[in-house]
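K.L.:
What follows is a structure written as structure tokens; I'll ask about it next.
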Amino acid sequence: MARYELVKRSVALITLTNPPVNSLSSAVRHGIAKTMDRALSDPKVTAVVICGENGRFCGGADIREFAGPMRGPPLLPLLDSIEAGEKPVVAAIEGVALGGGLELALVCHYRIAHSKARLGLPEVTLGLLPAAGGTQRLPRLIGIPAALELITTGRHVSSQEALKLGIVDQVTEQNVCEVAVEFALRAVAKPLSSRRLSALTVPCPPDLDALLEAVTMQIQKKARGMMAPLACVQAVRAAATMPYSQGIKRESELMATLFNSGQARALQYCFFAERTAGKWTLPSGAQWNDTKPREIRSAAVIGLGTMGRGIAVSLARVGISVIAVESDKKLMETGRQMVIGMLERDAKRRGVSASLNLLKFTLSLQDLKDVDLVIEAVFEDMALKKRVFQELSKLCRPTTLLCSNTSGLDVDALAGVTDRPQLVIGMHFFSPAHVMKLLEVVCGPRSSSETIATAMSLGKRMEKVSVAVGNCPGFVGNRMLKPYSDQATFLLEEGATPEQIDKVLEDFGFAMGVFRMSDLAGLDVGWRVRKESGLTGPDVDPKNPPRRRQGRKYCPIPDMVCEQGRFGQKTGRGWYMYDKPGGTNAKPDPLIQNLLETYRSRYGIKPRNITDQEIIDRCLFALANEGFRILEDGIAARPEDIDVIYQFGYGFPRHRGGPMFYASMVGLERVLERLEHYHQAHPDVPHLEPSPLLKKLVACGSPPIQKWREHIKTMHSHL
Ligand SMILES: CC(C)(COP(=O)(O)OP(=O)(O)OC[C@H]1O[C@@H](n2cnc3c(N)ncnc32)[C@H](O)[C@@H]1OP(=O)(O)O)[C@@H](O)C(=O)NCCC(=O)NCCSC(=O)/C=C/CCCCCCCCCCCCC(=O)O
């Protein structure tokens with residue numbers, strides 16, 4: 001796991017060999033220890049170069065090893081011994097030096113990086129801290145403020161930035177190993193004491209306390225409820241205020257508190273879940289690694305509303321030429337201005353030039369006949385979408401992929417009106433589409449594997465986290481949202497307020513509570529869907545008892561809010577009041593309080609005190625329960641896919657893993673028991689009835705989440 005060669009007769013070249021990222025597994029640590037011993041004890045060797053195979057220096061500790069008992073040589077003393085050695089050691093950094101990989105580089109006496117390399121200490125994103133000396137050595141090398149920023153955010157830096165910060169000694173565009181070997185030869189016989197970072201004193205800013213306080217406050221705001229960034233601050237404080245040996249002890253103590261925490265487990269689960277999500281498989285056997293995607297050079301976007309604009313920007317900024325279509329000249333001109341503005345701002349932020357030449361705006365669908373792929377983003381109305389797809393089917397060349405950005409309509413019904421159902425697929429972006437990372441790729445029963453591969457690969461190219469899902473109303477994300485938001489509105493009936501529920505959910509870690517999120521999305525959207533489904537509006541059968549529809553409990557409060565013209569932020573009023581239409585500063589509105597009181601007294605509901613725990617349990621267990629049904633129905637292939645969708649599309653706190661992981665951490669037995677309890681209290685709410693899969697998993701002894709799939713195998717897949 002570490003190769004040893006003698007080059008230029010006196011330089012030991014140690015190559016880490018653990019594909020794909022040369023992580024520091026137990027075998028690699030063992031290999032480093034053995035090869036370093038050999039290099040240091042061989043009198044022919046005057047210097048050492050450490051590099052990584054296949055263009056990657058090292059991606060850090062092997063994260064998979066964290067789940068079991070730690071075996072093999074521990075990293076910290078191994079790294080200390082490299083630094084203490086009497087022969088110069090040079091790190092030749094290509095590709096990445098991340099986490100333990102950068103910590104390895106920091107104990108080398110010199111660091112040479114390739115111009116395309118990236119460096120960083122991303123442990124915090126895994127719920128950990130750089131506990132192989134990183135929190136003590138980096139501040140000694142680059143100072144407290146810069147080290148604090150890198151360690152608490154986990155941000156990767158380019159080799160150019162690393163050079164400016166002083167992390168590396170040289171950046172090269174040539175073969176980094178060859179440059180490092182020459183560098184090592186020149187370093188022989190130079191004194192090493194000033195190159196041992198642990199021996200340096202920390203350049204300490206005079207306002208250390210104020211700086212640490214400011215960073216702590218920033219973390220409490222941005223990374224609410226997360227332990228690791230705060231532990232990182234404490235470790236860096238130790239670097240600033242203690243000698244190295246004590247600082248290292250503090251680093252280890254802090255790591256011990258994080259290592260077995262639920263947050264670390266959740267964040268490491270998220271790391272792998274994100275990578276698993278791209279690996280789709282169809283019941284036919286076709287899968288991600290044996291289906292070649294088509295190359296997409298040109299695309300069209302139909303509809304320049306909020307979604308269409310964001311999609312056009314996402315395509316153009318990765319070099320795809322885009323024809324954007326609107327039905328009316330004025331709308332097209334507004335769309336053009338907005339898209340150009342968004343693209344220019346985005347390019348400025350990324351420090352690149354805006355690819356405006358890739359954009360074309362038109363009023364005619366005729367212009368789309370030669371594009372490789374079309375994404376329809378018109379109003380969420382099935383009849384309208386069908387008309388568009390029929391027309392596209394006539395106009396576009398027979399090989400053009402036809403995609404819909406519908407957020408929940410039947411993709412197969414759209415496929416059915418075309419001459420190429422195998423080339424039709426859903427690409428459900430989230431708003432704003434050029435910012436949000438999630439893409440649900442909705443596979444209809446007739447979507448071909450090549451179509452799925454192409455949509456997934458296009459998503460990746462647009463820097464989205466793409467998840468393949470099956471076709472059912474609302475797909476995965478929006479289907480699960482209903483039981484979650486239904487519970488929130490039932491809780492309003494029973495005595496809660498929107499601000500109470502939102503606070504509990506935000507304290508749990510959600511980016512936004514359910515009511516603030518609805519105000520942002522627009523309350524009229526759901527209102528229209530409820531009218532179309534006959535749940536409210538003039539078509540409702542007057543014989544329906546109040547608060548019941550279609551044989552189940554129904555809460556009309558959201559309809560009553562909409563009837564008052566309160567559509568959320570855009571109208572300046574919704575579940576909250578805002579300073580102005582479009583305002584974002586949500587304040588509780590006494591009119592909503594009145595509406596709730598009047599409503600309760602009309603139906604003789606005596607408001608009761610609702611605990612935070614009940615809010616969490618009812619909202620989140622109803623959410624996960626629907627997730628179990630989605631798995632049973634084969635709409636999502638794995639719990640990881642659902643969790644990725646909820647993190648990237650719905651602001652579920654990453655340090656809680658996602659609704660399914662959260663359920664597994666709480667314990668499936670407890671989730672089942674609570675759902676049974678609440679279902680007994682509300683038998684007319686089917687979403688609270690525990691799903692058969694949940695019951696089955698509990699009956700099988702609540703296996704870990706990675707094993708749930710084994711219990712779903714026999715069920716039908718829609719993917
Ligand atoms: C940028 C990347 C490196 C590459 O990106 P990309 O090219 O896009 O490829 P990916 O798809 O992401 O990855 C390819 C596959 O490789 C797998 N992978 C990647 N990195 C790792 C890794 N570090 N470990 C394991 N596997 C990894 C990835 O999963 C893919 O495989 P698959 O498709 O899933 O099969 C990118 O991958 C990336 O960013 N990687 C992560 C980088 C990172 O975060 N590194 C930091 C790791 S943590 C670390 O280094 C910690 C160091 C300190 C160690 C100190 C240890 C002390 C422990 C003792 C604690 C004692 C407490 C005891 C308390 C008690 O119990 O008493």
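Within each chain, counting starts at residue 1; across the structure tokens, chains are named A, B, ... in the order shown, with ligands numbered 1 upward in that order.
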Can you list every residue in range 273-365 of chain A that DSSP puts in strand (DSSP E), as a PyMOL selection string?

P.N.:
chain A and resi 298-302+321-325+359-362

K.L.:
Determine, using only C-alpha atoms, which residues of range 500-618 of chain A have any atom at most 12 Å from an atom of range 397-421 of chain A, and tabulate each with its shortest atom pair and distance in Å to one decimal place, rows ordered by chain and then rising number, as JSON lines.

P.N.:
```
{"residue": "A:Val525", "atom": "CA", "partner": "A:Ser407", "partner_atom": "CA", "distance": 11.0}
{"residue": "A:Gly526", "atom": "CA", "partner": "A:Ser407", "partner_atom": "CA", "distance": 11.6}
{"residue": "A:Val529", "atom": "CA", "partner": "A:Gly408", "partner_atom": "CA", "distance": 10.3}
```

K.L.:
Under the rule that only C-alpha atoms are counted, which of A:Leu688, A:Leu697, A:Ala324, A:Ile14 is the nearest residue to Glu632 in chain A?

P.N.:
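Between A:Leu688, A:Leu697, A:Ala324, A:Ile14, the residue approaching Glu632 in chain A most closely is A:Leu697.
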
K.L.:
I'd like the contact shell of Thr276 in chain A - 9 Å cut-off, only C-alpha atoms, skipping same-chain residues fewer than 5 positions apart - returned as a PDB file with N, CA, C and O atoms, in the first residue's frame.

P.N.:
```
ATOM      1  N   PHE A 271     -21.891  11.610   3.444  1.00  0.00           N
ATOM      2  CA  PHE A 271     -20.796  11.582   2.469  1.00  0.00           C
ATOM      3  C   PHE A 271     -20.987  10.401   1.504  1.00  0.00           C
ATOM      4  O   PHE A 271     -20.934  10.559   0.286  1.00  0.00           O
ATOM      5  N   GLU A 640     -30.924   5.974   1.282  1.00  0.00           N
ATOM      6  CA  GLU A 640     -29.922   7.034   1.060  1.00  0.00           C
ATOM      7  C   GLU A 640     -30.435   8.047   0.035  1.00  0.00           C
ATOM      8  O   GLU A 640     -30.190   9.244   0.147  1.00  0.00           O
ATOM      9  N   ASP A 641     -31.150   7.555  -1.000  1.00  0.00           N
ATOM     10  CA  ASP A 641     -31.646   8.459  -2.043  1.00  0.00           C
ATOM     11  C   ASP A 641     -32.638   9.457  -1.445  1.00  0.00           C
ATOM     12  O   ASP A 641     -32.632  10.650  -1.766  1.00  0.00           O
TER      13      ASP A 641
END
```

K.L.:
Looking at only C-alpha atoms and all ligand atoms, which of A:Leu267, A:Ala113, A:Ala39, A:Ala223 is the one that sits closest to ligand 1?

P.N.:
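Ranked by minimum distance to ligand 1, first place goes to A:Leu267.
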
K.L.:
DSSP on the backbone: which residues in range 5-218 of chain A end up as alpha helix (DSSP H)? Give the answer as a ChimeraX atom specification.

P.N.:
/A:26-41,75-84,100-107,134-142,144-153,159-165,176-187,208-218

K.L.:
Mind dumping the selected residues with C-alpha atoms as a PDB file, in the first residue's frame?

P.N.:
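Output contents, as saved in out_31.pdb:
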```pdb
ATOM      1  CA  SER A  26      -4.579   0.757   8.061  1.00  0.00           C
ATOM      2  CA  ALA A  27      -2.579  -0.957   5.290  1.00  0.00           C
ATOM      3  CA  VAL A  28      -1.391   2.400   3.938  1.00  0.00           C
ATOM      4  CA  ARG A  29      -0.355   3.600   7.390  1.00  0.00           C
ATOM      5  CA  HIS A  30       1.510   0.353   7.813  1.00  0.00           C
ATOM      6  CA  GLY A  31       3.135   0.853   4.396  1.00  0.00           C
ATOM      7  CA  ILE A  32       4.216   4.398   5.261  1.00  0.00           C
ATOM      8  CA  ALA A  33       5.704   3.283   8.577  1.00  0.00           C
ATOM      9  CA  LYS A  34       7.658   0.479   6.912  1.00  0.00           C
ATOM     10  CA  THR A  35       8.961   2.502   3.958  1.00  0.00           C
ATOM     11  CA  MET A  36       9.879   5.493   6.131  1.00  0.00           C
ATOM     12  CA  ASP A  37      11.875   3.206   8.436  1.00  0.00           C
ATOM     13  CA  ARG A  38      13.669   1.791   5.418  1.00  0.00           C
ATOM     14  CA  ALA A  39      14.433   5.262   4.047  1.00  0.00           C
ATOM     15  CA  LEU A  40      15.674   6.622   7.345  1.00  0.00           C
ATOM     16  CA  SER A  41      17.851   3.619   8.085  1.00  0.00           C
ATOM     17  CA  LEU A  75      -1.811   8.126  12.448  1.00  0.00           C
ATOM     18  CA  LEU A  76      -0.714  10.762  14.937  1.00  0.00           C
ATOM     19  CA  PRO A  77       2.524   9.145  16.227  1.00  0.00           C
ATOM     20  CA  LEU A  78       3.320   7.969  12.701  1.00  0.00           C
ATOM     21  CA  LEU A  79       3.151  11.548  11.430  1.00  0.00           C
ATOM     22  CA  ASP A  80       5.111  12.892  14.402  1.00  0.00           C
ATOM     23  CA  SER A  81       7.908  10.435  13.607  1.00  0.00           C
ATOM     24  CA  ILE A  82       8.107  11.619   9.971  1.00  0.00           C
ATOM     25  CA  GLU A  83       8.479  15.215  11.110  1.00  0.00           C
ATOM     26  CA  ALA A  84      11.117  14.281  13.686  1.00  0.00           C
ATOM     27  CA  GLY A 100      -5.173  13.376   6.950  1.00  0.00           C
ATOM     28  CA  GLY A 101      -3.602  13.775   3.499  1.00  0.00           C
ATOM     29  CA  LEU A 102      -2.808  17.418   4.196  1.00  0.00           C
ATOM     30  CA  GLU A 103      -1.776  16.531   7.735  1.00  0.00           C
ATOM     31  CA  LEU A 104       0.705  14.079   6.208  1.00  0.00           C
ATOM     32  CA  ALA A 105       1.983  16.875   3.969  1.00  0.00           C
ATOM     33  CA  LEU A 106       2.290  19.207   6.968  1.00  0.00           C
ATOM     34  CA  VAL A 107       4.730  16.864   8.716  1.00  0.00           C
ATOM     35  CA  GLY A 134      -3.744  19.530  11.790  1.00  0.00           C
ATOM     36  CA  THR A 135      -5.336  21.914  14.287  1.00  0.00           C
ATOM     37  CA  GLN A 136      -1.920  22.499  15.883  1.00  0.00           C
ATOM     38  CA  ARG A 137       0.387  22.592  12.848  1.00  0.00           C
ATOM     39  CA  LEU A 138      -1.668  24.641  10.398  1.00  0.00           C
ATOM     40  CA  PRO A 139      -2.000  27.685  12.749  1.00  0.00           C
ATOM     41  CA  ARG A 140       1.777  27.539  13.305  1.00  0.00           C
ATOM     42  CA  LEU A 141       2.290  27.626   9.544  1.00  0.00           C
ATOM     43  CA  ILE A 142      -0.270  30.207   8.344  1.00  0.00           C
ATOM     44  CA  ILE A 144      -4.602  31.729  13.531  1.00  0.00           C
ATOM     45  CA  PRO A 145      -7.145  33.657  11.394  1.00  0.00           C
ATOM     46  CA  ALA A 146      -6.440  31.810   8.135  1.00  0.00           C
ATOM     47  CA  ALA A 147      -6.155  28.417   9.839  1.00  0.00           C
ATOM     48  CA  LEU A 148      -9.358  28.994  11.766  1.00  0.00           C
ATOM     49  CA  GLU A 149     -11.232  29.754   8.577  1.00  0.00           C
ATOM     50  CA  LEU A 150      -9.945  26.673   6.758  1.00  0.00           C
ATOM     51  CA  ILE A 151     -10.440  24.293   9.674  1.00  0.00           C
ATOM     52  CA  THR A 152     -13.925  25.469  10.685  1.00  0.00           C
ATOM     53  CA  THR A 153     -15.327  25.517   7.142  1.00  0.00           C
ATOM     54  CA  SER A 159      -2.557  25.341  -4.970  1.00  0.00           C
ATOM     55  CA  GLN A 160      -2.184  29.027  -5.928  1.00  0.00           C
ATOM     56  CA  GLU A 161      -4.098  30.076  -2.800  1.00  0.00           C
ATOM     57  CA  ALA A 162      -2.136  27.535  -0.766  1.00  0.00           C
ATOM     58  CA  LEU A 163       1.073  29.168  -1.994  1.00  0.00           C
ATOM     59  CA  LYS A 164      -0.168  32.631  -1.018  1.00  0.00           C
ATOM     60  CA  LEU A 165      -1.203  31.383   2.406  1.00  0.00           C
ATOM     61  CA  VAL A 176       5.384  17.222  -9.448  1.00  0.00           C
ATOM     62  CA  CYS A 177       7.330  14.112  -8.379  1.00  0.00           C
ATOM     63  CA  GLU A 178      10.292  15.017 -10.558  1.00  0.00           C
ATOM     64  CA  VAL A 179      10.254  18.596  -9.270  1.00  0.00           C
ATOM     65  CA  ALA A 180       9.993  17.323  -5.679  1.00  0.00           C
ATOM     66  CA  VAL A 181      12.943  14.940  -6.149  1.00  0.00           C
ATOM     67  CA  GLU A 182      15.150  17.791  -7.439  1.00  0.00           C
ATOM     68  CA  PHE A 183      13.909  19.966  -4.573  1.00  0.00           C
ATOM     69  CA  ALA A 184      14.727  17.201  -2.062  1.00  0.00           C
ATOM     70  CA  LEU A 185      18.273  16.868  -3.402  1.00  0.00           C
ATOM     71  CA  ARG A 186      18.784  20.594  -2.884  1.00  0.00           C
ATOM     72  CA  ALA A 187      17.398  20.361   0.655  1.00  0.00           C
ATOM     73  CA  LEU A 208      -7.435  36.493  19.846  1.00  0.00           C
ATOM     74  CA  ASP A 209     -10.474  36.368  22.136  1.00  0.00           C
ATOM     75  CA  ALA A 210     -12.470  38.755  19.962  1.00  0.00           C
ATOM     76  CA  LEU A 211     -11.572  36.756  16.865  1.00  0.00           C
ATOM     77  CA  LEU A 212     -12.569  33.426  18.417  1.00  0.00           C
ATOM     78  CA  GLU A 213     -15.782  34.968  19.730  1.00  0.00           C
ATOM     79  CA  ALA A 214     -16.681  36.369  16.308  1.00  0.00           C
ATOM     80  CA  VAL A 215     -16.020  33.033  14.592  1.00  0.00           C
ATOM     81  CA  THR A 216     -18.041  31.191  17.240  1.00  0.00           C
ATOM     82  CA  MET A 217     -20.995  33.517  16.691  1.00  0.00           C
ATOM     83  CA  GLN A 218     -20.750  33.074  12.943  1.00  0.00           C
TER      84      GLN A 218
END
```

K.L.:
If we count only C-alpha atoms and set the cut-off at 9 Å, which residues sit around Glu173 in chain A, ignoring sequence neighbours fewer than 4 positions away in its own chain? Please answer as a VMD selection string.

P.N.:
chain A and resid 113 to 116

K.L.:
Give me the chain A side of the contact with ligand 1, cut-off 6 Å, one line per residue showing its nearest atom pair and distance in Å at one decimal, counting only C-alpha atoms and all ligand atoms, sorted by chain and residue number, as a Markdown table.

P.N.:
```
| residue | atom | partner | partner_atom_place_in_ligand_line | distance |
| --- | --- | --- | --- | --- |
| A:Pro20 | CA | ligand 1 | 16 (O) | 5.4 |
| A:Val21 | CA | ligand 1 | 3 (C) | 5.6 |
| A:Ser23 | CA | ligand 1 | 23 (N) | 5.1 |
| A:Gly59 | CA | ligand 1 | 3 (C) | 4.5 |
| A:Gly60 | CA | ligand 1 | 50 (O) | 3.6 |
| A:Ala61 | CA | ligand 1 | 50 (O) | 3.7 |
| A:Asp62 | CA | ligand 1 | 24 (N) | 3.5 |
| A:Ile63 | CA | ligand 1 | 24 (N) | 3.9 |
| A:Arg64 | CA | ligand 1 | 25 (C) | 5.3 |
| A:Leu98 | CA | ligand 1 | 45 (N) | 5.0 |
| A:Gly99 | CA | ligand 1 | 50 (O) | 3.7 |
| A:Gly100 | CA | ligand 1 | 50 (O) | 3.6 |
| A:Pro122 | CA | ligand 1 | 44 (O) | 4.9 |
| A:Glu123 | CA | ligand 1 | 48 (S) | 4.9 |
| A:Pro130 | CA | ligand 1 | 53 (C) | 4.8 |
| A:Ala131 | CA | ligand 1 | 53 (C) | 4.5 |
| A:Ala132 | CA | ligand 1 | 55 (C) | 4.8 |
| A:Met255 | CA | ligand 1 | 62 (C) | 5.9 |
| A:Ala256 | CA | ligand 1 | 62 (C) | 4.0 |
| A:Phe259 | CA | ligand 1 | 62 (C) | 5.3 |
| A:Phe272 | CA | ligand 1 | 34 (O) | 5.4 |
| A:Arg275 | CA | ligand 1 | 34 (O) | 5.2 |
```

K.L.:
Mind pulling up the distance from CA of Ser158 in chain A to CA of Val90 in chain A?

P.N.:
18.9 Å

K.L.:
Within 12 Å of Ala377 in chain A, counting only C-alpha atoms, which residues qualify if same-chain residues fewer than 3 places away don't, as a ChimeraX atom specification?

P.N.:
/A:300-312,324-326,374,380-382,384-385,388-389,402-407,426-431,433

K.L.:
Need to verify the contact set: Ala468 in chain A, 8 Å, only C-alpha atoms, exclusion of same-chain residues closer than 3 positions in sequence. Can you return it as a PyMOL selection string?

P.N.:
chain A and resi 277-278+280+440-443+452+456+636+719

K.L.:
Can you write just those residues out, all heavy atoms, as a PDB file, in the first residue's frame?

P.N.:
```pdb
ATOM      1  N   ALA A 277     -26.040   7.827  -4.335  1.00  0.00           N
ATOM      2  CA  ALA A 277     -27.259   8.273  -5.029  1.00  0.00           C
ATOM      3  C   ALA A 277     -27.102   8.283  -6.546  1.00  0.00           C
ATOM      4  O   ALA A 277     -28.065   8.051  -7.266  1.00  0.00           O
ATOM      5  CB  ALA A 277     -27.666   9.656  -4.524  1.00  0.00           C
ATOM      6  N   GLY A 278     -25.889   8.529  -7.017  1.00  0.00           N
ATOM      7  CA  GLY A 278     -25.699   8.580  -8.472  1.00  0.00           C
ATOM      8  C   GLY A 278     -25.709   7.195  -9.117  1.00  0.00           C
ATOM      9  O   GLY A 278     -25.716   7.073 -10.333  1.00  0.00           O
ATOM     10  N   TRP A 280     -27.588   4.424 -10.090  1.00  0.00           N
ATOM     11  CA  TRP A 280     -28.947   3.918 -10.308  1.00  0.00           C
ATOM     12  C   TRP A 280     -28.909   2.530 -10.956  1.00  0.00           C
ATOM     13  O   TRP A 280     -27.972   2.180 -11.652  1.00  0.00           O
ATOM     14  CB  TRP A 280     -29.736   4.899 -11.174  1.00  0.00           C
ATOM     15  CG  TRP A 280     -29.039   5.213 -12.465  1.00  0.00           C
ATOM     16  CD1 TRP A 280     -28.104   6.185 -12.656  1.00  0.00           C
ATOM     17  CD2 TRP A 280     -29.165   4.529 -13.718  1.00  0.00           C
ATOM     18  NE1 TRP A 280     -27.639   6.150 -13.941  1.00  0.00           N
ATOM     19  CE2 TRP A 280     -28.264   5.159 -14.621  1.00  0.00           C
ATOM     20  CE3 TRP A 280     -29.935   3.464 -14.161  1.00  0.00           C
ATOM     21  CZ2 TRP A 280     -28.141   4.738 -15.939  1.00  0.00           C
ATOM     22  CZ3 TRP A 280     -29.803   3.043 -15.486  1.00  0.00           C
ATOM     23  CH2 TRP A 280     -28.921   3.689 -16.350  1.00  0.00           C
ATOM     24  N   GLU A 440     -34.126  15.779  -9.172  1.00  0.00           N
ATOM     25  CA  GLU A 440     -34.795  14.467  -9.191  1.00  0.00           C
ATOM     26  C   GLU A 440     -34.937  14.067 -10.663  1.00  0.00           C
ATOM     27  O   GLU A 440     -35.584  14.789 -11.429  1.00  0.00           O
ATOM     28  CB  GLU A 440     -36.195  14.558  -8.567  1.00  0.00           C
ATOM     29  CG  GLU A 440     -36.244  14.438  -7.065  1.00  0.00           C
ATOM     30  CD  GLU A 440     -37.674  14.404  -6.513  1.00  0.00           C
ATOM     31  OE1 GLU A 440     -38.589  15.028  -7.105  1.00  0.00           O
ATOM     32  OE2 GLU A 440     -37.896  13.782  -5.479  1.00  0.00           O
ATOM     33  N   VAL A 441     -34.340  12.960 -11.027  1.00  0.00           N
ATOM     34  CA  VAL A 441     -34.487  12.461 -12.401  1.00  0.00           C
ATOM     35  C   VAL A 441     -35.623  11.442 -12.361  1.00  0.00           C
ATOM     36  O   VAL A 441     -35.488  10.364 -11.763  1.00  0.00           O
ATOM     37  CB  VAL A 441     -33.166  11.844 -12.900  1.00  0.00           C
ATOM     38  CG1 VAL A 441     -33.367  11.139 -14.228  1.00  0.00           C
ATOM     39  CG2 VAL A 441     -32.110  12.938 -13.044  1.00  0.00           C
ATOM     40  N   VAL A 442     -36.751  11.808 -12.971  1.00  0.00           N
ATOM     41  CA  VAL A 442     -37.956  10.988 -12.805  1.00  0.00           C
ATOM     42  C   VAL A 442     -38.072  10.013 -13.976  1.00  0.00           C
ATOM     43  O   VAL A 442     -38.330  10.412 -15.118  1.00  0.00           O
ATOM     44  CB  VAL A 442     -39.223  11.878 -12.724  1.00  0.00           C
ATOM     45  CG1 VAL A 442     -40.428  11.024 -12.378  1.00  0.00           C
ATOM     46  CG2 VAL A 442     -39.019  12.997 -11.727  1.00  0.00           C
ATOM     47  N   CYS A 443     -37.851   8.734 -13.655  1.00  0.00           N
ATOM     48  CA  CYS A 443     -37.827   7.712 -14.702  1.00  0.00           C
ATOM     49  C   CYS A 443     -39.235   7.160 -14.894  1.00  0.00           C
ATOM     50  O   CYS A 443     -39.791   6.555 -13.971  1.00  0.00           O
ATOM     51  CB  CYS A 443     -36.914   6.565 -14.278  1.00  0.00           C
ATOM     52  SG  CYS A 443     -35.332   7.118 -13.661  1.00  0.00           S
ATOM     53  N   ILE A 452     -32.088   7.731 -19.137  1.00  0.00           N
ATOM     54  CA  ILE A 452     -31.810   7.954 -17.710  1.00  0.00           C
ATOM     55  C   ILE A 452     -30.336   8.329 -17.530  1.00  0.00           C
ATOM     56  O   ILE A 452     -30.007   9.303 -16.836  1.00  0.00           O
ATOM     57  CB  ILE A 452     -32.146   6.680 -16.886  1.00  0.00           C
ATOM     58  CG1 ILE A 452     -33.640   6.361 -17.009  1.00  0.00           C
ATOM     59  CG2 ILE A 452     -31.753   6.858 -15.417  1.00  0.00           C
ATOM     60  CD1 ILE A 452     -34.050   5.017 -16.423  1.00  0.00           C
ATOM     61  N   MET A 456     -29.011  11.825 -15.906  1.00  0.00           N
ATOM     62  CA  MET A 456     -28.172  11.787 -14.701  1.00  0.00           C
ATOM     63  C   MET A 456     -26.814  12.437 -14.981  1.00  0.00           C
ATOM     64  O   MET A 456     -26.301  13.193 -14.166  1.00  0.00           O
ATOM     65  CB  MET A 456     -27.952  10.334 -14.249  1.00  0.00           C
ATOM     66  CG  MET A 456     -29.185   9.640 -13.715  1.00  0.00           C
ATOM     67  SD  MET A 456     -29.787  10.278 -12.136  1.00  0.00           S
ATOM     68  CE  MET A 456     -28.602   9.613 -10.993  1.00  0.00           C
ATOM     69  N   ALA A 636     -38.268   5.044  -4.719  1.00  0.00           N
ATOM     70  CA  ALA A 636     -36.839   5.314  -4.467  1.00  0.00           C
ATOM     71  C   ALA A 636     -36.183   3.958  -4.254  1.00  0.00           C
ATOM     72  O   ALA A 636     -36.797   3.051  -3.685  1.00  0.00           O
ATOM     73  CB  ALA A 636     -36.650   6.187  -3.234  1.00  0.00           C
ATOM     74  N   LEU A 719     -38.504   1.873 -10.657  1.00  0.00           N
ATOM     75  CA  LEU A 719     -37.323   2.509 -11.246  1.00  0.00           C
ATOM     76  C   LEU A 719     -36.800   1.690 -12.416  1.00  0.00           C
ATOM     77  O   LEU A 719     -36.986   0.497 -12.459  1.00  0.00           O
ATOM     78  CB  LEU A 719     -36.236   2.630 -10.194  1.00  0.00           C
ATOM     79  CG  LEU A 719     -36.334   3.902  -9.386  1.00  0.00           C
ATOM     80  CD1 LEU A 719     -35.391   3.824  -8.212  1.00  0.00           C
ATOM     81  CD2 LEU A 719     -35.987   5.097 -10.239  1.00  0.00           C
TER      82      LEU A 719
END
```

K.L.:
Which residue, A:Glu5, A:Glu251, A:Glu669, A:Asp370, has the smallest gap to Ala699 in chain A when you use only C-alpha atoms?

P.N.:
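Among the listed residues, the smallest separation from Ala699 in chain A belongs to A:Glu669.
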
K.L.:
Using only C-alpha atoms, can you tell me which of A:Val318, A:Leu505, A:Pro607, A:Pro546 comes closest to Ser353 in chain A?

P.N.:
A:Val318

K.L.:
How far is it from CA of Pro69 in chain A to CA of Ala228 in chain A, in Å with one decimal?

P.N.:
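Distance reported for this atom pair: 21.1 Å.
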
K.L.:
When you count only C-alpha atoms, which of these residues is closest to Asn625 in chain A: A:Met480, A:Lys587, A:Thr536, A:Pro683?

P.N.:
A:Met480

K.L.:
Calculated over only C-alpha atoms, which of the candidates A:Pro692, A:Lys279, A:Glu333, A:Ala199 has the smallest distance to Pro243 in chain A?

P.N.:
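Among the listed residues, A:Ala199 lies closest to Pro243 in chain A.
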
K.L.:
Leaving out Asp519 in chain A and any residue of its chain fewer than 5 positions from it, which residues lie within 8 Å of it when counting only C-alpha atoms, given as a ChimeraX atom specification?

P.N.:
/A:567-569,574-576

K.L.:
Just N, CA and C atoms for this one: save the residues we selected as an mmCIF file, in the first residue's frame.

P.N.:
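Dumped everything to result-v6.cif:
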```cif
data_model
loop_
_atom_site.group_PDB
_atom_site.id
_atom_site.type_symbol
_atom_site.label_atom_id
_atom_site.label_comp_id
_atom_site.auth_asym_id
_atom_site.auth_seq_id
_atom_site.Cartn_x
_atom_site.Cartn_y
_atom_site.Cartn_z
ATOM 1 N N PHE A 567 -50.666 34.938 -0.103
ATOM 2 C CA PHE A 567 -49.970 33.885 -0.844
ATOM 3 C C PHE A 567 -48.506 33.736 -0.421
ATOM 4 N N GLY A 568 -48.135 34.368 0.690
ATOM 5 C CA GLY A 568 -46.750 34.229 1.156
ATOM 6 C C GLY A 568 -45.933 35.477 0.884
ATOM 7 N N GLN A 569 -44.610 35.295 0.831
ATOM 8 C CA GLN A 569 -43.699 36.454 0.701
ATOM 9 C C GLN A 569 -44.056 37.360 -0.468
ATOM 10 N N GLY A 574 -48.738 35.991 4.466
ATOM 11 C CA GLY A 574 -48.937 34.549 4.286
ATOM 12 C C GLY A 574 -49.189 33.998 5.669
ATOM 13 N N TRP A 575 -48.426 32.997 6.074
ATOM 14 C CA TRP A 575 -48.500 32.524 7.459
ATOM 15 C C TRP A 575 -47.907 33.581 8.388
ATOM 16 N N TYR A 576 -47.077 34.444 7.789
ATOM 17 C CA TYR A 576 -46.457 35.558 8.519
ATOM 18 C C TYR A 576 -46.783 36.843 7.791
#
```
